[in-house]
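Enquirer: The file below is input33.cif, mmCIF, C-alpha atoms (C1' of nucleotides):
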```
data_protein
#
loop_
_atom_site.label_atom_id
_atom_site.label_comp_id
_atom_site.auth_asym_id
_atom_site.auth_seq_id
_atom_site.Cartn_x
_atom_site.Cartn_y
_atom_site.Cartn_z
CA MET A 19 0.00 0.00 0.00
CA PRO A 20 1.16 3.50 -0.61
CA ALA A 21 3.32 4.53 2.25
CA GLU A 22 2.96 8.03 3.52
CA ARG A 23 4.78 10.26 1.16
CA THR A 24 7.70 11.94 2.81
CA ILE A 25 8.32 15.40 1.53
CA VAL A 26 11.47 17.14 2.47
CA ARG A 27 10.88 20.77 3.16
CA ARG A 28 13.11 22.94 1.09
CA THR A 29 13.39 26.63 0.95
CA VAL A 30 12.37 28.64 -2.02
CA SER A 31 15.30 30.32 -3.60
CA ALA A 32 15.45 34.07 -3.64
CA VAL A 33 15.56 36.18 -6.74
CA SER A 34 18.82 37.08 -8.29
CA ALA A 35 17.87 40.56 -9.40
CA ALA A 36 20.73 40.75 -11.82
CA THR A 37 19.45 37.77 -13.72
CA LEU A 38 15.93 39.07 -14.08
CA LYS A 39 16.93 41.46 -16.84
CA SER A 40 18.49 38.67 -18.79
CA THR A 41 15.28 36.68 -19.04
CA LYS A 42 13.86 38.79 -21.82
CA LYS A 43 15.24 36.55 -24.53
CA THR A 44 13.46 33.51 -25.77
CA ALA A 45 11.80 31.36 -23.17
CA GLN A 46 14.04 28.48 -24.04
CA ALA A 47 17.18 30.52 -23.66
CA ALA A 48 15.99 31.89 -20.35
CA HIS A 49 15.15 28.42 -19.23
CA ILE A 50 18.61 27.12 -19.98
CA LYS A 51 20.31 30.15 -18.49
CA ASN A 52 18.42 29.89 -15.24
CA VAL A 53 19.11 26.22 -14.86
CA ALA A 54 22.77 26.84 -15.40
CA ILE A 55 23.15 29.64 -12.86
CA HIS A 56 20.97 28.19 -10.16
CA GLU A 57 22.46 28.19 -6.73
CA PRO A 58 21.05 28.12 -3.21
CA LYS A 59 19.83 31.48 -1.99
CA LYS A 60 18.38 32.64 1.25
CA PRO A 61 14.64 32.17 1.60
CA VAL A 62 12.25 34.94 0.73
CA ALA A 63 8.73 35.61 1.86
CA VAL A 64 6.34 34.03 -0.56
CA ASP A 65 2.64 34.01 -1.14
CA GLU A 66 1.40 30.48 -0.60
CA ASP A 67 -2.24 31.41 -0.82
CA ILE A 68 -4.17 28.76 -2.68
CA SER A 69 -7.52 29.48 -1.12
CA THR A 70 -8.71 32.62 -2.82
CA VAL A 71 -11.64 31.73 -5.03
CA HIS A 72 -12.84 34.18 -7.64
CA PRO A 73 -16.38 34.22 -9.01
CA TYR A 74 -16.32 32.28 -12.26
CA PRO A 75 -18.92 32.81 -14.98
CA LEU A 76 -20.33 29.57 -16.31
CA THR A 77 -23.06 30.46 -18.73
CA ALA A 78 -22.53 31.82 -22.22
CA ARG A 79 -24.61 34.79 -21.24
CA GLU A 80 -22.40 35.64 -18.27
CA ARG A 81 -19.29 35.19 -20.33
CA GLU A 82 -20.35 37.45 -23.13
CA ASN A 83 -19.44 40.56 -21.23
CA ALA A 84 -16.85 39.16 -18.84
CA ILE A 85 -13.94 41.53 -18.34
CA ASN A 86 -10.45 40.42 -17.38
CA GLN A 87 -9.63 42.52 -14.32
CA ASN A 88 -5.92 42.16 -15.01
CA THR A 89 -6.08 43.62 -18.47
CA GLY A 90 -9.37 45.45 -18.62
CA ARG A 91 -10.20 43.55 -21.78
CA LYS A 92 -12.93 41.14 -22.71
CA ILE A 93 -12.20 37.52 -22.01
CA THR A 94 -12.27 35.62 -25.29
CA VAL A 95 -13.91 32.30 -26.01
CA PHE A 96 -10.52 30.66 -26.39
CA GLN A 97 -9.35 32.02 -23.06
CA PHE A 98 -12.39 30.52 -21.35
CA GLN A 99 -11.64 27.20 -23.05
CA VAL A 100 -8.16 27.28 -21.56
CA TYR A 101 -9.44 28.33 -18.14
CA ASP A 102 -12.12 25.63 -18.18
CA LEU A 103 -9.50 22.94 -18.71
CA CYS A 104 -7.03 24.39 -16.25
CA ALA A 105 -9.78 24.45 -13.63
CA GLN A 106 -10.01 20.67 -13.90
CA ILE A 107 -6.46 20.04 -12.69
CA PRO A 108 -6.81 18.70 -9.15
CA LYS A 109 -4.74 19.82 -6.22
CA GLY A 110 -1.58 17.77 -6.05
CA GLN A 111 -1.45 17.20 -9.79
CA ILE A 112 -0.09 19.26 -12.66
CA SER A 113 -0.43 19.62 -16.40
CA THR A 114 1.55 21.23 -19.20
CA TYR A 115 0.98 23.86 -21.85
CA LYS A 116 1.32 21.10 -24.39
CA HIS A 117 -1.31 18.84 -22.81
CA ILE A 118 -3.82 21.65 -22.69
CA SER A 119 -3.07 22.79 -26.22
CA GLU A 120 -3.52 19.27 -27.55
CA ALA A 121 -6.83 18.87 -25.77
CA LEU A 122 -8.02 22.08 -27.40
CA GLN A 123 -6.29 21.42 -30.72
CA SER A 124 -4.50 24.68 -30.28
CA SER A 125 -0.86 25.57 -29.67
CA PRO A 126 1.22 25.77 -26.49
CA ARG A 127 2.07 29.41 -27.05
CA ALA A 128 -1.57 30.35 -27.30
CA VAL A 129 -2.28 28.52 -24.06
CA GLY A 130 0.60 30.25 -22.34
CA GLN A 131 -0.61 33.58 -23.52
CA ALA A 132 -4.07 32.96 -22.10
CA LEU A 133 -2.74 31.71 -18.78
CA LYS A 134 -0.42 34.66 -18.44
CA ILE A 135 -3.38 36.95 -17.94
CA ASN A 136 -5.53 34.47 -16.01
CA PRO A 137 -7.84 36.63 -13.88
CA TYR A 138 -9.10 33.67 -11.84
CA ALA A 139 -5.87 32.67 -10.06
CA PRO A 140 -5.24 30.79 -7.91
CA LEU A 141 -8.80 29.46 -7.93
CA PRO A 142 -10.90 28.34 -9.64
CA VAL A 143 -8.24 28.41 -12.37
CA PRO A 144 -5.00 27.13 -10.80
CA CYS A 145 -2.61 28.12 -13.54
CA HIS A 146 0.30 27.51 -11.18
CA ARG A 147 -0.34 23.82 -11.86
CA VAL A 148 0.66 24.22 -15.49
CA LEU A 149 4.33 23.64 -16.29
CA ASP A 150 6.31 23.38 -19.50
CA SER A 151 6.63 20.06 -21.25
CA LYS A 152 9.91 19.19 -19.52
CA LEU A 153 8.20 19.75 -16.18
CA TYR A 154 10.30 22.80 -15.61
CA ILE A 155 8.74 25.37 -13.27
CA GLY A 156 8.27 27.63 -16.26
CA GLY A 157 6.57 30.96 -15.91
CA PHE A 158 4.07 32.69 -13.75
CA SER A 159 2.18 35.93 -14.15
CA GLY A 160 4.44 37.15 -16.90
CA GLN A 161 7.77 36.13 -15.42
CA TRP A 162 9.79 33.19 -16.64
CA GLY A 163 12.40 31.10 -14.87
CA GLU A 164 13.23 33.15 -11.82
CA GLY A 165 11.65 35.88 -9.79
CA GLU A 166 9.22 36.56 -7.02
CA LYS A 167 6.33 35.38 -9.14
CA ILE A 168 8.07 32.11 -9.82
CA ASP A 169 8.78 31.70 -6.13
CA ASN A 170 5.07 32.12 -5.51
CA LYS A 171 4.25 29.49 -8.09
CA LYS A 172 6.76 27.13 -6.56
CA ALA A 173 5.49 27.80 -3.06
CA LYS A 174 1.91 27.07 -4.07
CA LEU A 175 2.92 23.81 -5.72
CA PHE A 176 5.08 22.83 -2.79
CA HIS A 177 2.13 23.43 -0.53
CA GLU A 178 0.17 21.05 -2.72
CA GLY A 179 2.83 18.36 -2.51
CA VAL A 180 4.72 18.90 -5.77
CA VAL A 181 8.46 18.58 -5.26
CA PHE A 182 11.09 20.31 -7.39
CA ASP A 183 14.73 19.45 -7.81
CA GLU A 184 17.67 21.82 -7.73
CA THR A 185 17.15 22.77 -11.37
CA ASP A 186 13.51 23.73 -10.78
CA HIS A 187 12.21 20.67 -12.57
CA VAL A 188 9.67 18.40 -10.91
CA ALA A 189 11.71 15.79 -9.04
CA VAL A 190 11.93 12.76 -11.29
CA ALA A 191 11.21 10.28 -8.50
CA THR A 192 7.87 11.96 -7.79
CA ARG A 193 6.51 12.15 -11.33
CA GLU A 194 4.45 8.99 -11.43
CA ASN A 195 0.74 9.73 -11.72
CA LEU A 196 1.49 13.39 -11.25
CA ILE A 197 0.31 14.65 -14.61
CA PHE A 198 -3.43 15.09 -14.81
CA ASP A 199 -4.75 13.52 -17.98
CA GLY A 200 -8.50 13.56 -17.54
CA PHE A 201 -9.50 16.72 -19.29
CA ASN A 202 -13.17 16.94 -20.06
CA VAL A 203 -13.40 18.85 -23.30
CA PRO A 204 -16.86 19.78 -24.56
CA ILE A 205 -17.51 18.31 -27.98
CA ASN A 206 -18.03 21.64 -29.67
CA LYS A 207 -14.54 22.67 -28.72
CA LYS A 208 -12.93 19.69 -30.36
CA ILE A 209 -14.50 20.14 -33.74
CA LYS A 210 -12.00 21.09 -36.35
CA VAL A 211 -13.23 21.55 -39.87
CA THR A 212 -11.02 19.92 -42.42
CA ALA A 213 -11.61 21.19 -45.86
CA ALA A 214 -12.42 18.46 -48.37
CA ILE A 215 -10.91 19.86 -51.49
"C1'" DG B 9 24.11 18.12 -22.63
"C1'" DT B 10 23.87 23.65 -25.11
"C1'" DC B 11 22.26 26.69 -28.52
"C1'" DA B 12 19.79 28.69 -32.64
"C1'" DT B 13 15.90 28.73 -35.32
"C1'" DA B 14 11.49 27.74 -37.26
"C1'" DA B 15 6.75 26.72 -36.56
"C1'" DC B 16 2.61 26.76 -33.99
"C1'" DG B 17 -2.44 29.55 -32.53
"C1'" DT B 18 -4.12 33.62 -30.50
"C1'" DT B 19 -4.21 38.34 -29.38
"C1'" DC B 20 -2.95 43.16 -29.64
"C1'" DT B 21 -1.41 47.33 -32.21
"C1'" DA C 27 -0.09 43.08 -41.65
"C1'" DG C 28 3.23 42.68 -38.09
"C1'" DA C 29 4.71 41.66 -33.51
"C1'" DA C 30 4.36 39.44 -29.20
"C1'" DC C 31 3.72 35.37 -26.15
"C1'" DG C 32 4.16 31.69 -19.21
"C1'" DT C 33 5.97 26.76 -26.03
"C1'" DT C 34 7.84 23.02 -28.51
"C1'" DA C 35 10.50 20.31 -32.07
"C1'" DT C 36 14.40 19.78 -34.57
"C1'" DG C 37 18.99 19.92 -35.99
"C1'" DA C 38 23.78 21.11 -35.37
"C1'" DC C 39 27.45 21.02 -32.35
#
```
Could you write out this structure as structure tokens?
Expert:
Amino acid sequence: MPAERTIVRRTVSAVSAATLKSTKKTAQAAHIKNVAIHEPKKPVAVDEDISTVHPYPLTARERENAINQNTGRKITVFQFQVYDLCAQIPKGQISTYKHISEALQSSPRAVGQALKINPYAPLPVPCHRVLDSKLYIGGFSGQWGEGEKIDNKKAKLFHEGVVFDETDHVAVATRENLIFDGFNVPINKKIKVTAAI
DNA sequence: GTCATAACGTTCT
DNA sequence: AGAACGTTATGAC
């Protein structure tokens, strides 16, 4: 039977301010750079709040005029599709930009773009549970790789039992059954018209 | 393993 | 029409 999982408490590394400026290149480059320069830092205060629940419109009528409070713009149909799927990821599990994009027959960049401005974080749309395809910590709230925002993301996940290694990837030994794969995608969102020429 | 580059879908200007 | 993204795949070291 599954023994009690032992999770070693580890501190969340502080931001290296000097490296923040250098993360404005491609995501991949930033990813590699941050892995390479990682070193233990003193702990910083982090926001571990995973209990704030925002009102979430469910009907088409409510969604028609929904405004994203982060951007002041209307929330698009696609963005709601992404948020609907993200909201299905249970506490203690994670998903990836790629998984979500495949479920929606979209692209990982489009998913990332929608999650970046997620107005329903951390609940009911726990975008901190979405990582990149290598299970690297990835980005949060516009930052990528390192920073206070990333520390918050890591802290939330840690609080939910997700363990990262020293390179900010999900610890390999803990990956089994970690990735949520039960997305419920409404039929009308899966339809893709292929032109019969 | 690192690094550059192209391709992806969506959104904003 | 062009640029920007919380991405990913591929190919060349």
Enquirer: For the interface of chain C with chain A (cut-off 12 Å, counting all atoms listed in the file), please tabulate each contacting residue of chain C alongside its nearest pair of atoms and their separation in Å to one decimal, rows sorted by chain and increasing number, as a Markdown table.
Expert:
```
| residue | atom | partner | partner_atom | distance |
| --- | --- | --- | --- | --- |
| C:DA30 | C1' | A:Gln131 | CA | 9.6 |
| C:DC31 | C1' | A:Gln131 | CA | 5.4 |
| C:DG32 | C1' | A:Gly157 | CA | 4.2 |
| C:DT33 | C1' | A:Arg127 | CA | 4.8 |
| C:DT34 | C1' | A:Pro126 | CA | 7.4 |
| C:DA35 | C1' | A:Ser151 | CA | 11.5 |
```
Enquirer: Return as a PyMOL selection string the set of residues that the PyMOL selection byres ((chain C and resi 39) around 12) yields on the displayed structure.
Expert: (chain B and resi 9-12) or (chain C and resi 37-38)
Enquirer: (11.6, 19.9, -12.0) in this file's frame - what residues fall within 12 Å of it? Use only C-alpha atoms (C1' of nucleotides) and give the answer as a PDB file with C-alpha atoms, in the frame of the given file.
Expert:
```pdb
ATOM      1  CA  HIS A  49      15.150  28.420 -19.230  1.00  0.00           C
ATOM      2  CA  VAL A  53      19.110  26.220 -14.860  1.00  0.00           C
ATOM      3  CA  ILE A 112      -0.090  19.260 -12.660  1.00  0.00           C
ATOM      4  CA  LEU A 149       4.330  23.640 -16.290  1.00  0.00           C
ATOM      5  CA  ASP A 150       6.310  23.380 -19.500  1.00  0.00           C
ATOM      6  CA  SER A 151       6.630  20.060 -21.250  1.00  0.00           C
ATOM      7  CA  LYS A 152       9.910  19.190 -19.520  1.00  0.00           C
ATOM      8  CA  LEU A 153       8.200  19.750 -16.180  1.00  0.00           C
ATOM      9  CA  TYR A 154      10.300  22.800 -15.610  1.00  0.00           C
ATOM     10  CA  ILE A 155       8.740  25.370 -13.270  1.00  0.00           C
ATOM     11  CA  GLY A 156       8.270  27.630 -16.260  1.00  0.00           C
ATOM     12  CA  GLY A 163      12.400  31.100 -14.870  1.00  0.00           C
ATOM     13  CA  LYS A 172       6.760  27.130  -6.560  1.00  0.00           C
ATOM     14  CA  LEU A 175       2.920  23.810  -5.720  1.00  0.00           C
ATOM     15  CA  PHE A 176       5.080  22.830  -2.790  1.00  0.00           C
ATOM     16  CA  VAL A 180       4.720  18.900  -5.770  1.00  0.00           C
ATOM     17  CA  VAL A 181       8.460  18.580  -5.260  1.00  0.00           C
ATOM     18  CA  PHE A 182      11.090  20.310  -7.390  1.00  0.00           C
ATOM     19  CA  ASP A 183      14.730  19.450  -7.810  1.00  0.00           C
ATOM     20  CA  GLU A 184      17.670  21.820  -7.730  1.00  0.00           C
ATOM     21  CA  THR A 185      17.150  22.770 -11.370  1.00  0.00           C
ATOM     22  CA  ASP A 186      13.510  23.730 -10.780  1.00  0.00           C
ATOM     23  CA  HIS A 187      12.210  20.670 -12.570  1.00  0.00           C
ATOM     24  CA  VAL A 188       9.670  18.400 -10.910  1.00  0.00           C
ATOM     25  CA  ALA A 189      11.710  15.790  -9.040  1.00  0.00           C
ATOM     26  CA  VAL A 190      11.930  12.760 -11.290  1.00  0.00           C
ATOM     27  CA  ALA A 191      11.210  10.280  -8.500  1.00  0.00           C
ATOM     28  CA  THR A 192       7.870  11.960  -7.790  1.00  0.00           C
ATOM     29  CA  ARG A 193       6.510  12.150 -11.330  1.00  0.00           C
TER      30      ARG A 193
END
```
Enquirer: Output the residue selection produced by the PyMOL selection byres ((chain B) within 7 of (chain A)) on the file above, formatted as a compact mmCIF listing (two decimals) with C-alpha atoms (C1' of nucleotides), in the coordinates of the input.
Expert:
```txt
# COMPACT_ATOMS: atom_id res chain seq x y z
C1' DC B 16 2.61 26.76 -33.99
C1' DG B 17 -2.44 29.55 -32.53
C1' DT B 18 -4.12 33.62 -30.50
```
Enquirer: Out of A:Lys174, A:Asn202, A:Pro142, A:Gly179, which residue has the shortest atom-to-atom distance to Pro73 (chain A) when counting all atoms listed in the file?
Expert: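 Using all atoms listed in the file, Pro73 (chain A) sits closest to A:Pro142.
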Enquirer: Written as a PyMOL selection string, which residues does the PyMOL selection byres ((chain A and resi 77-86) around 10) give for the file shown?
Expert: chain A and resi 74-76+87-95+98+135-138
Enquirer: Would you mind reading off the distance between CA of Val143 (chain A) and CA of Cys104 (chain A), one decimal, in Å?
Expert: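 About the pair CA of Val143 (chain A) and CA of Cys104 (chain A): they are 5.7 Å apart.
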Enquirer: When you draw a straight line from CA of Leu122 (chain A) to CA of Ala105 (chain A), how long is it in Å?
Expert: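 Distance between the two atoms: 14.1 Å.
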Enquirer: What's the separation between CA of Asn195 (chain A) and CA of Pro108 (chain A), in Å to one decimal place?
Expert: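 According to the coordinates, CA of Asn195 (chain A) and CA of Pro108 (chain A) are separated by 12.0 Å.
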